[in-house]
file model-v6.csv (CSV, N, CA and C atoms)
chain,number,residue,atom,x,y,z
A,1,MET,N,0.8,-1.2,0.0
A,1,MET,CA,0.0,0.0,0.0
A,1,MET,C,0.9,1.2,0.0
A,2,ALA,N,0.6,2.2,-0.9
A,2,ALA,CA,1.4,3.4,-1.0
A,2,ALA,C,1.1,4.4,0.1
A,3,ALA,N,2.2,5.1,0.5
A,3,ALA,CA,2.1,6.1,1.5
A,3,ALA,C,1.6,7.4,0.8
A,4,ASP,N,0.3,7.5,0.5
A,4,ASP,CA,-0.2,8.6,-0.3
A,4,ASP,C,-1.1,9.6,0.5
A,5,GLN,N,-1.1,9.5,1.8
A,5,GLN,CA,-1.8,10.5,2.6
A,5,GLN,C,-0.8,11.3,3.4
A,6,LEU,N,-1.1,12.6,3.6
A,6,LEU,CA,-0.3,13.4,4.5
A,6,LEU,C,-0.9,13.6,5.9
A,7,LEU,N,-0.1,13.4,6.9
A,7,LEU,CA,-0.5,13.6,8.3
A,7,LEU,C,0.4,14.7,8.8
A,8,PHE,N,-0.1,15.8,9.2
A,8,PHE,CA,0.7,16.9,9.7
A,8,PHE,C,0.9,16.7,11.2
A,9,SER,N,2.2,16.7,11.6
A,9,SER,CA,2.6,16.4,13.0
A,9,SER,C,3.3,17.7,13.5
A,10,TYR,N,2.9,18.0,14.7
A,10,TYR,CA,3.5,19.2,15.4
A,10,TYR,C,4.1,18.7,16.7
A,11,GLY,N,4.1,17.4,17.0
A,11,GLY,CA,4.5,16.9,18.3
A,11,GLY,C,5.1,15.5,18.2
A,12,THR,N,4.6,14.6,19.0
A,12,THR,CA,5.3,13.3,19.3
A,12,THR,C,5.4,12.4,18.1
A,13,LEU,N,4.5,12.5,17.1
A,13,LEU,CA,4.5,11.6,15.9
A,13,LEU,C,5.8,11.9,15.1
A,14,GLN,N,6.5,13.0,15.4
A,14,GLN,CA,7.8,13.2,14.7
A,14,GLN,C,8.9,12.4,15.3
A,15,ASN,N,8.7,11.9,16.5
A,15,ASN,CA,9.7,11.1,17.3
A,15,ASN,C,10.0,9.8,16.6
A,16,PRO,N,11.2,9.5,16.3
A,16,PRO,CA,11.5,8.2,15.6
A,16,PRO,C,11.1,7.0,16.4
A,17,ASP,N,11.2,7.0,17.7
A,17,ASP,CA,10.7,5.9,18.5
A,17,ASP,C,9.2,5.7,18.4
A,18,VAL,N,8.5,6.8,18.5
A,18,VAL,CA,7.0,6.7,18.3
A,18,VAL,C,6.7,6.2,17.0
A,19,GLN,N,7.4,6.7,15.9
A,19,GLN,CA,7.1,6.2,14.6
A,19,GLN,C,7.3,4.7,14.4
A,20,LEU,N,8.5,4.2,14.9
A,20,LEU,CA,8.8,2.8,14.8
A,20,LEU,C,7.8,2.0,15.6
A,21,ASP,N,7.3,2.4,16.7
A,21,ASP,CA,6.4,1.6,17.5
A,21,ASP,C,5.0,1.7,16.9
A,22,THR,N,4.6,2.8,16.4
A,22,THR,CA,3.2,3.0,15.9
A,22,THR,C,3.1,2.5,14.4
A,23,PHE,N,4.1,2.8,13.6
A,23,PHE,CA,4.0,2.4,12.2
A,23,PHE,C,4.9,1.3,11.7
A,24,GLY,N,5.9,1.0,12.5
A,24,GLY,CA,6.8,-0.1,12.2
A,24,GLY,C,7.9,0.4,11.2
A,25,ARG,N,8.0,1.7,11.0
A,25,ARG,CA,9.0,2.3,10.2
A,25,ARG,C,9.2,3.8,10.5
A,26,ARG,N,10.2,4.4,10.0
A,26,ARG,CA,10.4,5.8,10.0
A,26,ARG,C,9.7,6.4,8.8
A,27,LEU,N,9.0,7.5,9.0
A,27,LEU,CA,8.2,8.1,7.9
A,27,LEU,C,8.9,9.2,7.2
A,28,ALA,N,8.7,9.3,5.9
A,28,ALA,CA,9.2,10.4,5.1
A,28,ALA,C,8.5,11.6,5.6
A,29,ALA,N,9.2,12.7,5.7
A,29,ALA,CA,8.6,14.0,6.3
A,29,ALA,C,9.2,15.2,5.6
A,30,GLU,N,8.3,16.2,5.5
A,30,GLU,CA,8.7,17.5,4.9
A,30,GLU,C,8.2,18.6,5.8
A,31,ASP,N,9.0,19.6,5.9
A,31,ASP,CA,8.6,20.8,6.7
A,31,ASP,C,7.3,21.4,6.1
A,32,ASP,N,6.4,21.9,6.9
A,32,ASP,CA,5.2,22.6,6.5
A,32,ASP,C,4.7,23.4,7.7
A,33,VAL,N,3.6,24.1,7.4
A,33,VAL,CA,3.0,25.0,8.4
A,33,VAL,C,1.5,24.8,8.4
A,34,LEU,N,0.9,24.8,9.5
A,34,LEU,CA,-0.6,24.8,9.6
A,34,LEU,C,-1.1,26.2,10.0
A,35,PRO,N,-1.7,26.9,9.1
A,35,PRO,CA,-2.2,28.2,9.3
A,35,PRO,C,-3.6,28.2,10.1
A,36,GLY,N,-3.8,29.3,10.9
A,36,GLY,CA,-5.1,29.4,11.5
A,36,GLY,C,-5.3,28.6,12.8
A,37,TYR,N,-4.2,28.1,13.3
A,37,TYR,CA,-4.2,27.3,14.6
A,37,TYR,C,-3.1,27.8,15.5
A,38,THR,N,-3.3,27.5,16.8
A,38,THR,CA,-2.3,27.8,17.8
A,38,THR,C,-2.1,26.5,18.7
A,39,VAL,N,-0.9,26.5,19.3
A,39,VAL,CA,-0.5,25.3,20.1
A,39,VAL,C,-0.9,25.6,21.6
A,40,ASP,N,-1.5,24.6,22.2
A,40,ASP,CA,-1.7,24.5,23.6
A,40,ASP,C,-1.0,23.3,24.1
A,41,TYR,N,-1.2,22.9,25.4
A,41,TYR,CA,-0.6,21.7,25.9
A,41,TYR,C,-1.6,21.0,26.8
A,42,ALA,N,-1.5,19.6,26.8
A,42,ALA,CA,-2.5,18.8,27.5
A,42,ALA,C,-1.8,17.7,28.3
A,43,GLU,N,-2.3,17.4,29.4
A,43,GLU,CA,-1.7,16.3,30.3
A,43,GLU,C,-2.2,15.0,29.7
A,44,ILE,N,-1.3,14.1,29.5
A,44,ILE,CA,-1.7,12.8,28.9
A,44,ILE,C,-1.6,11.8,30.1
A,45,GLU,N,-2.7,11.0,30.2
A,45,GLU,CA,-2.8,10.0,31.3
A,45,GLU,C,-2.6,8.6,30.8
A,46,ASP,N,-2.6,8.4,29.5
A,46,ASP,CA,-2.4,7.0,29.0
A,46,ASP,C,-0.9,6.7,29.2
A,47,THR,N,-0.7,5.7,30.1
A,47,THR,CA,0.7,5.4,30.4
A,47,THR,C,1.5,4.8,29.2
A,48,ARG,N,0.9,4.1,28.3
A,48,ARG,CA,1.6,3.6,27.1
A,48,ARG,C,2.1,4.8,26.3
A,49,VAL,N,1.2,5.8,26.1
A,49,VAL,CA,1.6,6.9,25.3
A,49,VAL,C,2.7,7.7,26.0
A,50,VAL,N,2.6,7.9,27.3
A,50,VAL,CA,3.6,8.6,28.1
A,50,VAL,C,4.9,7.9,28.1
A,51,ASP,N,4.9,6.6,28.3
A,51,ASP,CA,6.1,5.8,28.3
A,51,ASP,C,6.8,5.8,26.9
A,52,LEU,N,6.0,5.7,25.8
A,52,LEU,CA,6.6,5.7,24.5
A,52,LEU,C,7.2,7.1,24.1
A,53,SER,N,6.4,8.1,24.4
A,53,SER,CA,6.9,9.5,24.0
A,53,SER,C,7.9,10.0,25.0
A,54,GLY,N,7.9,9.6,26.2
A,54,GLY,CA,8.8,10.1,27.2
A,54,GLY,C,8.3,11.4,27.8
A,55,MET,N,7.0,11.8,27.5
A,55,MET,CA,6.5,13.0,28.0
A,55,MET,C,5.0,12.8,28.5
A,56,SER,N,4.7,13.5,29.6
A,56,SER,CA,3.3,13.4,30.1
A,56,SER,C,2.5,14.6,29.7
A,57,VAL,N,3.1,15.6,29.1
A,57,VAL,CA,2.4,16.8,28.6
A,57,VAL,C,2.8,16.8,27.1
A,58,HIS,N,1.7,16.8,26.3
A,58,HIS,CA,1.9,16.9,24.8
A,58,HIS,C,1.3,18.1,24.2
A,59,PRO,N,1.8,18.6,23.1
A,59,PRO,CA,1.2,19.7,22.5
A,59,PRO,C,-0.2,19.3,21.8
A,60,ILE,N,-1.1,20.3,21.7
A,60,ILE,CA,-2.4,20.0,21.1
A,60,ILE,C,-2.8,21.3,20.4
A,61,VAL,N,-3.3,21.3,19.2
A,61,VAL,CA,-3.6,22.5,18.5
A,61,VAL,C,-5.1,22.8,18.5
A,62,ARG,N,-5.4,24.1,18.5
A,62,ARG,CA,-6.8,24.6,18.5
A,62,ARG,C,-6.9,25.6,17.4
A,63,ALA,N,-8.1,25.5,16.7
A,63,ALA,CA,-8.3,26.4,15.6
A,63,ALA,C,-8.6,27.8,16.1
A,64,THR,N,-8.0,28.8,15.5
A,64,THR,CA,-8.3,30.2,15.9
A,64,THR,C,-9.0,30.9,14.7
A,65,GLY,N,-8.7,30.4,13.5
A,65,GLY,CA,-9.3,31.1,12.3
A,65,GLY,C,-8.5,32.3,11.9
A,66,SER,N,-7.5,32.7,12.7
A,66,SER,CA,-6.7,33.9,12.5
A,66,SER,C,-5.6,33.6,11.5
A,67,PRO,N,-5.4,34.3,10.4
A,67,PRO,CA,-4.3,34.1,9.5
A,67,PRO,C,-2.9,34.4,10.2
A,68,LEU,N,-3.0,35.1,11.3
A,68,LEU,CA,-1.7,35.4,12.0
A,68,LEU,C,-1.2,34.3,12.8
A,69,ASP,N,-2.1,33.3,13.1
A,69,ASP,CA,-1.6,32.1,13.9
A,69,ASP,C,-1.2,31.0,13.0
A,70,LYS,N,-0.1,30.3,13.4
A,70,LYS,CA,0.4,29.2,12.6
A,70,LYS,C,1.1,28.2,13.5
A,71,VAL,N,1.2,27.0,13.1
A,71,VAL,CA,1.9,25.9,13.8
A,71,VAL,C,2.9,25.3,12.8
A,72,VAL,N,4.1,25.3,13.3
A,72,VAL,CA,5.2,24.7,12.4
A,72,VAL,C,5.3,23.3,12.8
A,73,GLY,N,5.5,22.4,11.7
A,73,GLY,CA,5.6,21.0,11.9
A,73,GLY,C,6.1,20.3,10.7
A,74,LYS,N,5.7,19.0,10.6
A,74,LYS,CA,6.1,18.2,9.5
A,74,LYS,C,4.9,17.5,8.9
A,75,ALA,N,4.9,17.4,7.5
A,75,ALA,CA,4.0,16.7,6.8
A,75,ALA,C,4.5,15.3,6.6
A,76,LEU,N,3.9,14.3,7.2
A,76,LEU,CA,4.4,12.9,7.2
A,76,LEU,C,3.6,12.1,6.2
A,77,TRP,N,4.3,11.3,5.3
A,77,TRP,CA,3.6,10.5,4.3
A,77,TRP,C,3.3,9.2,5.0
A,78,VAL,N,1.9,8.8,5.0
A,78,VAL,CA,1.4,7.6,5.6
A,78,VAL,C,0.5,6.9,4.7
A,79,THR,N,0.2,5.6,5.0
A,79,THR,CA,-0.8,4.8,4.3
A,79,THR,C,-2.1,4.9,5.0
A,80,ASP,N,-3.2,4.4,4.4
A,80,ASP,CA,-4.4,4.4,5.1
A,80,ASP,C,-4.3,3.6,6.4
A,81,ASP,N,-3.6,2.4,6.4
A,81,ASP,CA,-3.5,1.6,7.6
A,81,ASP,C,-2.7,2.3,8.6
A,82,GLU,N,-1.7,3.1,8.2
A,82,GLU,CA,-0.9,3.9,9.2
A,82,GLU,C,-1.8,5.1,9.8
A,83,LEU,N,-2.7,5.6,9.0
A,83,LEU,CA,-3.6,6.6,9.6
A,83,LEU,C,-4.4,5.9,10.7
A,84,ASP,N,-4.9,4.7,10.5
A,84,ASP,CA,-5.6,3.9,11.5
A,84,ASP,C,-4.7,3.7,12.8
A,85,ALA,N,-3.4,3.4,12.5
A,85,ALA,CA,-2.5,3.2,13.6
A,85,ALA,C,-2.3,4.5,14.4
A,86,ALA,N,-2.2,5.6,13.7
A,86,ALA,CA,-2.1,6.9,14.4
A,86,ALA,C,-3.4,7.2,15.2
A,87,ASP,N,-4.5,6.9,14.7
A,87,ASP,CA,-5.8,7.0,15.5
A,87,ASP,C,-5.7,6.3,16.8
A,88,GLU,N,-5.1,5.1,16.7
A,88,GLU,CA,-5.0,4.3,17.9
A,88,GLU,C,-4.0,4.9,18.9
A,89,TYR,N,-3.0,5.5,18.4
A,89,TYR,CA,-1.9,6.1,19.3
A,89,TYR,C,-2.5,7.3,20.0
A,90,GLU,N,-3.2,8.1,19.3
A,90,GLU,CA,-3.7,9.4,19.8
A,90,GLU,C,-4.8,9.1,20.9
A,91,VAL,N,-4.7,9.9,22.0
A,91,VAL,CA,-5.7,9.6,23.1
A,91,VAL,C,-7.0,10.4,22.8
A,92,ALA,N,-8.0,10.2,23.6
A,92,ALA,CA,-9.3,10.8,23.4
A,92,ALA,C,-9.4,12.3,23.4
A,93,LEU,N,-8.3,13.0,23.8
A,93,LEU,CA,-8.2,14.5,23.8
A,93,LEU,C,-8.1,15.0,22.4
A,94,TYR,N,-7.8,14.1,21.4
A,94,TYR,CA,-7.5,14.5,20.0
A,94,TYR,C,-8.5,13.9,19.1
A,95,ARG,N,-8.8,14.7,18.0
A,95,ARG,CA,-9.6,14.1,16.9
A,95,ARG,C,-8.9,14.5,15.6
A,96,ARG,N,-9.1,13.6,14.6
A,96,ARG,CA,-8.4,13.9,13.3
A,96,ARG,C,-9.3,14.6,12.4
A,97,VAL,N,-8.8,15.7,11.8
A,97,VAL,CA,-9.6,16.5,10.8
A,97,VAL,C,-8.7,16.8,9.6
A,98,SER,N,-9.4,17.1,8.5
A,98,SER,CA,-8.7,17.5,7.3
A,98,SER,C,-8.4,19.0,7.2
A,99,VAL,N,-7.2,19.4,6.8
A,99,VAL,CA,-6.9,20.8,6.8
A,99,VAL,C,-6.1,21.0,5.5
A,100,VAL,N,-5.9,22.3,5.2
A,100,VAL,CA,-5.0,22.7,4.1
A,100,VAL,C,-3.8,23.4,4.7
A,101,LEU,N,-2.6,22.9,4.4
A,101,LEU,CA,-1.4,23.4,4.9
A,101,LEU,C,-0.9,24.7,4.1
A,102,ALA,N,0.0,25.4,4.7
A,102,ALA,CA,0.5,26.6,4.0
A,102,ALA,C,1.1,26.3,2.6
A,103,SER,N,1.5,25.1,2.4
A,103,SER,CA,2.0,24.6,1.1
A,103,SER,C,0.9,24.5,0.1
A,104,GLY,N,-0.3,24.5,0.5
A,104,GLY,CA,-1.5,24.3,-0.3
A,104,GLY,C,-1.9,22.8,-0.4
A,105,ARG,N,-1.2,21.9,0.3
A,105,ARG,CA,-1.5,20.5,0.3
A,105,ARG,C,-2.6,20.2,1.3
A,106,SER,N,-3.4,19.3,1.0
A,106,SER,CA,-4.4,18.8,2.0
A,106,SER,C,-3.7,17.7,2.9
A,107,ALA,N,-4.0,17.8,4.2
A,107,ALA,CA,-3.4,16.8,5.2
A,107,ALA,C,-4.4,16.6,6.3
A,108,TRP,N,-4.2,15.5,7.0
A,108,TRP,CA,-4.9,15.2,8.2
A,108,TRP,C,-4.1,15.8,9.4
A,109,VAL,N,-4.7,16.2,10.4
A,109,VAL,CA,-4.1,16.7,11.6
A,109,VAL,C,-4.9,16.4,12.8
A,110,TYR,N,-4.3,16.1,14.0
A,110,TYR,CA,-5.0,15.9,15.2
A,110,TYR,C,-5.1,17.2,16.0
A,111,VAL,N,-6.4,17.5,16.3
A,111,VAL,CA,-6.7,18.8,16.9
A,111,VAL,C,-7.4,18.5,18.3
A,112,SER,N,-7.6,19.5,19.0
A,112,SER,CA,-8.3,19.4,20.3
A,112,SER,C,-9.7,18.8,20.1
A,113,ALA,N,-10.1,17.8,20.8
A,113,ALA,CA,-11.4,17.1,20.6
A,113,ALA,C,-12.5,18.0,21.1
call {"tool": "encode", "arguments": {"input": "model-v6.csv", "output": "structure tokens"}}
result
Amino acid sequence: MAADQLLFSYGTLQNPDVQLDTFGRRLAAEDDVLPGYTVDYAEIEDTRVVDLSGMSVHPIVRATGSPLDKVVGKALWVTDDELDAADEYEVALYRRVSVVLASGRSAWVYVSA
């Protein structure tokens, strides 16, 4: 299956250990920006996610709609099955939505639920 989906990451999904555990491989990534969002932080209680990422506080983005706000991150190339794996990795505080990145490309991103 081809890695033909983009998943925008601004946090732990950029971590090589998280990628290897979640996807079984390191993902191809390109710098990009998510406009109209700002970064906040959330306490993670899922011990598996905390142990894997090494952090109990993770970034989480919220839509502001302001063109002045932006989040810098990476566009990760994933398959449909890897999107499912990412859904399993993310805790209930996050939901996956479709966005348009500053590059003009469509991507998935996990935002505040």
call {"tool": "residues_around", "arguments": {"input": "model-v6.csv", "residues": "range 37-53 of chain A", "least_positions_apart": "4", "cutoff": "7 Å", "atoms": "all atoms listed in the file", "output": "CSV table (one decimal) with N, CA and C atoms, in the coordinates of the input"}}
result
chain,number,residue,atom,x,y,z
A,12,THR,N,4.6,14.6,19.0
A,12,THR,CA,5.3,13.3,19.3
A,12,THR,C,5.4,12.4,18.1
A,17,ASP,N,11.2,7.0,17.7
A,17,ASP,CA,10.7,5.9,18.5
A,17,ASP,C,9.2,5.7,18.4
A,18,VAL,N,8.5,6.8,18.5
A,18,VAL,CA,7.0,6.7,18.3
A,18,VAL,C,6.7,6.2,17.0
A,57,VAL,N,3.1,15.6,29.1
A,57,VAL,CA,2.4,16.8,28.6
A,57,VAL,C,2.8,16.8,27.1
A,58,HIS,N,1.7,16.8,26.3
A,58,HIS,CA,1.9,16.9,24.8
A,58,HIS,C,1.3,18.1,24.2
A,59,PRO,N,1.8,18.6,23.1
A,59,PRO,CA,1.2,19.7,22.5
A,59,PRO,C,-0.2,19.3,21.8
A,60,ILE,N,-1.1,20.3,21.7
A,60,ILE,CA,-2.4,20.0,21.1
A,60,ILE,C,-2.8,21.3,20.4
A,61,VAL,N,-3.3,21.3,19.2
A,61,VAL,CA,-3.6,22.5,18.5
A,61,VAL,C,-5.1,22.8,18.5
A,62,ARG,N,-5.4,24.1,18.5
A,62,ARG,CA,-6.8,24.6,18.5
A,62,ARG,C,-6.9,25.6,17.4
A,63,ALA,N,-8.1,25.5,16.7
A,63,ALA,CA,-8.3,26.4,15.6
A,63,ALA,C,-8.6,27.8,16.1
A,64,THR,N,-8.0,28.8,15.5
A,64,THR,CA,-8.3,30.2,15.9
A,64,THR,C,-9.0,30.9,14.7
A,65,GLY,N,-8.7,30.4,13.5
A,65,GLY,CA,-9.3,31.1,12.3
A,65,GLY,C,-8.5,32.3,11.9
A,66,SER,N,-7.5,32.7,12.7
A,66,SER,CA,-6.7,33.9,12.5
A,66,SER,C,-5.6,33.6,11.5
A,67,PRO,N,-5.4,34.3,10.4
A,67,PRO,CA,-4.3,34.1,9.5
A,67,PRO,C,-2.9,34.4,10.2
A,68,LEU,N,-3.0,35.1,11.3
A,68,LEU,CA,-1.7,35.4,12.0
A,68,LEU,C,-1.2,34.3,12.8
A,69,ASP,N,-2.1,33.3,13.1
A,69,ASP,CA,-1.6,32.1,13.9
A,69,ASP,C,-1.2,31.0,13.0
A,70,LYS,N,-0.1,30.3,13.4
A,70,LYS,CA,0.4,29.2,12.6
A,70,LYS,C,1.1,28.2,13.5
A,71,VAL,N,1.2,27.0,13.1
A,71,VAL,CA,1.9,25.9,13.8
A,71,VAL,C,2.9,25.3,12.8
A,89,TYR,N,-3.0,5.5,18.4
A,89,TYR,CA,-1.9,6.1,19.3
A,89,TYR,C,-2.5,7.3,20.0
call {"tool": "select_by_dssp", "arguments": {"input": "model-v6.csv", "residues": "chain A", "states": "helix (DSSP H, G or I)", "output": "PyMOL selection string"}}
result
chain A and resi 12-14+16-23+47-53+80-89
call {"tool": "write_last_selection", "arguments": {"input": "model-v6.csv", "atoms": "N, CA and C atoms", "output": "CSV table (one decimal), keeping the file's coordinate frame"}}
result
chain,number,residue,atom,x,y,z
A,12,THR,N,4.6,14.6,19.0
A,12,THR,CA,5.3,13.3,19.3
A,12,THR,C,5.4,12.4,18.1
A,13,LEU,N,4.5,12.5,17.1
A,13,LEU,CA,4.5,11.6,15.9
A,13,LEU,C,5.8,11.9,15.1
A,14,GLN,N,6.5,13.0,15.4
A,14,GLN,CA,7.8,13.2,14.7
A,14,GLN,C,8.9,12.4,15.3
A,16,PRO,N,11.2,9.5,16.3
A,16,PRO,CA,11.5,8.2,15.6
A,16,PRO,C,11.1,7.0,16.4
A,17,ASP,N,11.2,7.0,17.7
A,17,ASP,CA,10.7,5.9,18.5
A,17,ASP,C,9.2,5.7,18.4
A,18,VAL,N,8.5,6.8,18.5
A,18,VAL,CA,7.0,6.7,18.3
A,18,VAL,C,6.7,6.2,17.0
A,19,GLN,N,7.4,6.7,15.9
A,19,GLN,CA,7.1,6.2,14.6
A,19,GLN,C,7.3,4.7,14.4
A,20,LEU,N,8.5,4.2,14.9
A,20,LEU,CA,8.8,2.8,14.8
A,20,LEU,C,7.8,2.0,15.6
A,21,ASP,N,7.3,2.4,16.7
A,21,ASP,CA,6.4,1.6,17.5
A,21,ASP,C,5.0,1.7,16.9
A,22,THR,N,4.6,2.8,16.4
A,22,THR,CA,3.2,3.0,15.9
A,22,THR,C,3.1,2.5,14.4
A,23,PHE,N,4.1,2.8,13.6
A,23,PHE,CA,4.0,2.4,12.2
A,23,PHE,C,4.9,1.3,11.7
A,47,THR,N,-0.7,5.7,30.1
A,47,THR,CA,0.7,5.4,30.4
A,47,THR,C,1.5,4.8,29.2
A,48,ARG,N,0.9,4.1,28.3
A,48,ARG,CA,1.6,3.6,27.1
A,48,ARG,C,2.1,4.8,26.3
A,49,VAL,N,1.2,5.8,26.1
A,49,VAL,CA,1.6,6.9,25.3
A,49,VAL,C,2.7,7.7,26.0
A,50,VAL,N,2.6,7.9,27.3
A,50,VAL,CA,3.6,8.6,28.1
A,50,VAL,C,4.9,7.9,28.1
A,51,ASP,N,4.9,6.6,28.3
A,51,ASP,CA,6.1,5.8,28.3
A,51,ASP,C,6.8,5.8,26.9
A,52,LEU,N,6.0,5.7,25.8
A,52,LEU,CA,6.6,5.7,24.5
A,52,LEU,C,7.2,7.1,24.1
A,53,SER,N,6.4,8.1,24.4
A,53,SER,CA,6.9,9.5,24.0
A,53,SER,C,7.9,10.0,25.0
A,80,ASP,N,-3.2,4.4,4.4
A,80,ASP,CA,-4.4,4.4,5.1
A,80,ASP,C,-4.3,3.6,6.4
A,81,ASP,N,-3.6,2.4,6.4
A,81,ASP,CA,-3.5,1.6,7.6
A,81,ASP,C,-2.7,2.3,8.6
A,82,GLU,N,-1.7,3.1,8.2
A,82,GLU,CA,-0.9,3.9,9.2
A,82,GLU,C,-1.8,5.1,9.8
A,83,LEU,N,-2.7,5.6,9.0
A,83,LEU,CA,-3.6,6.6,9.6
A,83,LEU,C,-4.4,5.9,10.7
A,84,ASP,N,-4.9,4.7,10.5
A,84,ASP,CA,-5.6,3.9,11.5
A,84,ASP,C,-4.7,3.7,12.8
A,85,ALA,N,-3.4,3.4,12.5
A,85,ALA,CA,-2.5,3.2,13.6
A,85,ALA,C,-2.3,4.5,14.4
A,86,ALA,N,-2.2,5.6,13.7
A,86,ALA,CA,-2.1,6.9,14.4
A,86,ALA,C,-3.4,7.2,15.2
A,87,ASP,N,-4.5,6.9,14.7
A,87,ASP,CA,-5.8,7.0,15.5
A,87,ASP,C,-5.7,6.3,16.8
A,88,GLU,N,-5.1,5.1,16.7
A,88,GLU,CA,-5.0,4.3,17.9
A,88,GLU,C,-4.0,4.9,18.9
A,89,TYR,N,-3.0,5.5,18.4
A,89,TYR,CA,-1.9,6.1,19.3
A,89,TYR,C,-2.5,7.3,20.0
call {"tool": "atom_distance", "arguments": {"input": "model-v6.csv", "atom1": "atom N of Asp80 in chain A", "atom2": "atom N of Val97 in chain A"}}
result
14.6 Å
call {"tool": "select_by_dssp", "arguments": {"input": "model-v6.csv", "residues": "range 50-94 of chain A", "states": "strand (DSSP E)", "output": "MDAnalysis selection string"}}
result
chainID A and resid 57:63 70:78 94
call {"tool": "closest_atom_pairs", "arguments": {"input": "model-v6.csv", "of": "range 68-110 of chain A", "to": "range 1-8 of chain A", "cutoff": "10 Å", "atoms": "only C-alpha atoms", "output": "JSON lines"}}
result
{"residue": "A:Val71", "atom": "CA", "partner": "A:Phe8", "partner_atom": "CA", "distance": 10.0}
{"residue": "A:Val72", "atom": "CA", "partner": "A:Phe8", "partner_atom": "CA", "distance": 9.4}
{"residue": "A:Gly73", "atom": "CA", "partner": "A:Phe8", "partner_atom": "CA", "distance": 6.8}
{"residue": "A:Lys74", "atom": "CA", "partner": "A:Phe8", "partner_atom": "CA", "distance": 5.6}
{"residue": "A:Ala75", "atom": "CA", "partner": "A:Phe8", "partner_atom": "CA", "distance": 4.4}
{"residue": "A:Leu76", "atom": "CA", "partner": "A:Leu7", "partner_atom": "CA", "distance": 5.1}
{"residue": "A:Trp77", "atom": "CA", "partner": "A:Leu6", "partner_atom": "CA", "distance": 4.9}
{"residue": "A:Val78", "atom": "CA", "partner": "A:Ala3", "partner_atom": "CA", "distance": 4.4}
{"residue": "A:Thr79", "atom": "CA", "partner": "A:Ala3", "partner_atom": "CA", "distance": 4.2}
{"residue": "A:Asp80", "atom": "CA", "partner": "A:Gln5", "partner_atom": "CA", "distance": 7.1}
{"residue": "A:Asp81", "atom": "CA", "partner": "A:Met1", "partner_atom": "CA", "distance": 8.5}
{"residue": "A:Glu82", "atom": "CA", "partner": "A:Ala3", "partner_atom": "CA", "distance": 8.6}
{"residue": "A:Leu83", "atom": "CA", "partner": "A:Leu7", "partner_atom": "CA", "distance": 7.8}
{"residue": "A:Ala86", "atom": "CA", "partner": "A:Leu7", "partner_atom": "CA", "distance": 9.2}
{"residue": "A:Arg96", "atom": "CA", "partner": "A:Leu7", "partner_atom": "CA", "distance": 9.4}
{"residue": "A:Val97", "atom": "CA", "partner": "A:Leu7", "partner_atom": "CA", "distance": 9.9}
{"residue": "A:Ser98", "atom": "CA", "partner": "A:Leu7", "partner_atom": "CA", "distance": 9.1}
{"residue": "A:Val99", "atom": "CA", "partner": "A:Phe8", "partner_atom": "CA", "distance": 9.0}
{"residue": "A:Val100", "atom": "CA", "partner": "A:Phe8", "partner_atom": "CA", "distance": 9.9}
{"residue": "A:Leu101", "atom": "CA", "partner": "A:Phe8", "partner_atom": "CA", "distance": 8.3}
{"residue": "A:Arg105", "atom": "CA", "partner": "A:Leu6", "partner_atom": "CA", "distance": 8.3}
{"residue": "A:Ser106", "atom": "CA", "partner": "A:Leu6", "partner_atom": "CA", "distance": 7.2}
{"residue": "A:Ala107", "atom": "CA", "partner": "A:Leu6", "partner_atom": "CA", "distance": 4.7}
{"residue": "A:Trp108", "atom": "CA", "partner": "A:Leu7", "partner_atom": "CA", "distance": 4.7}
{"residue": "A:Val109", "atom": "CA", "partner": "A:Phe8", "partner_atom": "CA", "distance": 5.2}
{"residue": "A:Tyr110", "atom": "CA", "partner": "A:Phe8", "partner_atom": "CA", "distance": 8.0}
call {"tool": "closest_residue", "arguments": {"input": "model-v6.csv", "among": "A:Ala92, A:Arg25, A:Leu13, A:Leu34", "to": "Ser112 in chain A", "atoms": "only N, CA and C atoms"}}
result
A:Ala92
call {"tool": "atom_distance", "arguments": {"input": "model-v6.csv", "atom1": "CA of Ala29 in chain A", "atom2": "CA of Tyr94 in chain A"}}
result
21.1 Å
call {"tool": "atom_distance", "arguments": {"input": "model-v6.csv", "atom1": "CA of Ser103 in chain A", "atom2": "CA of Asp87 in chain A"}}
result
24.0 Å
call {"tool": "axis_aligned_box", "arguments": {"input": "model-v6.csv", "around": "range 36-45 of chain A", "padding_each_side": "5 Å", "output": "AutoDock Vina command-line options"}}
result
--center_x -2.9 --center_y 19.0 --center_z 21.1 --size_x 14.8 --size_y 30.8 --size_z 30.4
call {"tool": "decode", "arguments": {"input": "model-v6.csv", "residues": "range 108-112 of chain A", "atoms": "N, CA, C and O atoms", "output": "PDB file, in the first residue's frame"}}
result
ATOM      1  N   TRP A 108      -4.158  15.493   6.993  1.00  0.00           N
ATOM      2  CA  TRP A 108      -4.859  15.210   8.239  1.00  0.00           C
ATOM      3  C   TRP A 108      -4.057  15.827   9.371  1.00  0.00           C
ATOM      4  O   TRP A 108      -2.832  15.885   9.296  1.00  0.00           O
ATOM      5  N   VAL A 109      -4.745  16.215  10.436  1.00  0.00           N
ATOM      6  CA  VAL A 109      -4.056  16.706  11.637  1.00  0.00           C
ATOM      7  C   VAL A 109      -4.919  16.360  12.840  1.00  0.00           C
ATOM      8  O   VAL A 109      -6.154  16.311  12.746  1.00  0.00           O
ATOM      9  N   TYR A 110      -4.266  16.105  13.973  1.00  0.00           N
ATOM     10  CA  TYR A 110      -4.987  15.868  15.225  1.00  0.00           C
ATOM     11  C   TYR A 110      -5.124  17.186  15.965  1.00  0.00           C
ATOM     12  O   TYR A 110      -4.131  17.874  16.233  1.00  0.00           O
ATOM     13  N   VAL A 111      -6.373  17.549  16.266  1.00  0.00           N
ATOM     14  CA  VAL A 111      -6.694  18.798  16.940  1.00  0.00           C
ATOM     15  C   VAL A 111      -7.398  18.491  18.251  1.00  0.00           C
ATOM     16  O   VAL A 111      -7.779  17.346  18.518  1.00  0.00           O
ATOM     17  N   SER A 112      -7.622  19.510  19.044  1.00  0.00           N
ATOM     18  CA  SER A 112      -8.337  19.363  20.311  1.00  0.00           C
ATOM     19  C   SER A 112      -9.741  18.823  20.053  1.00  0.00           C
ATOM     20  O   SER A 112     -10.476  19.348  19.221  1.00  0.00           O
TER      21      SER A 112
END
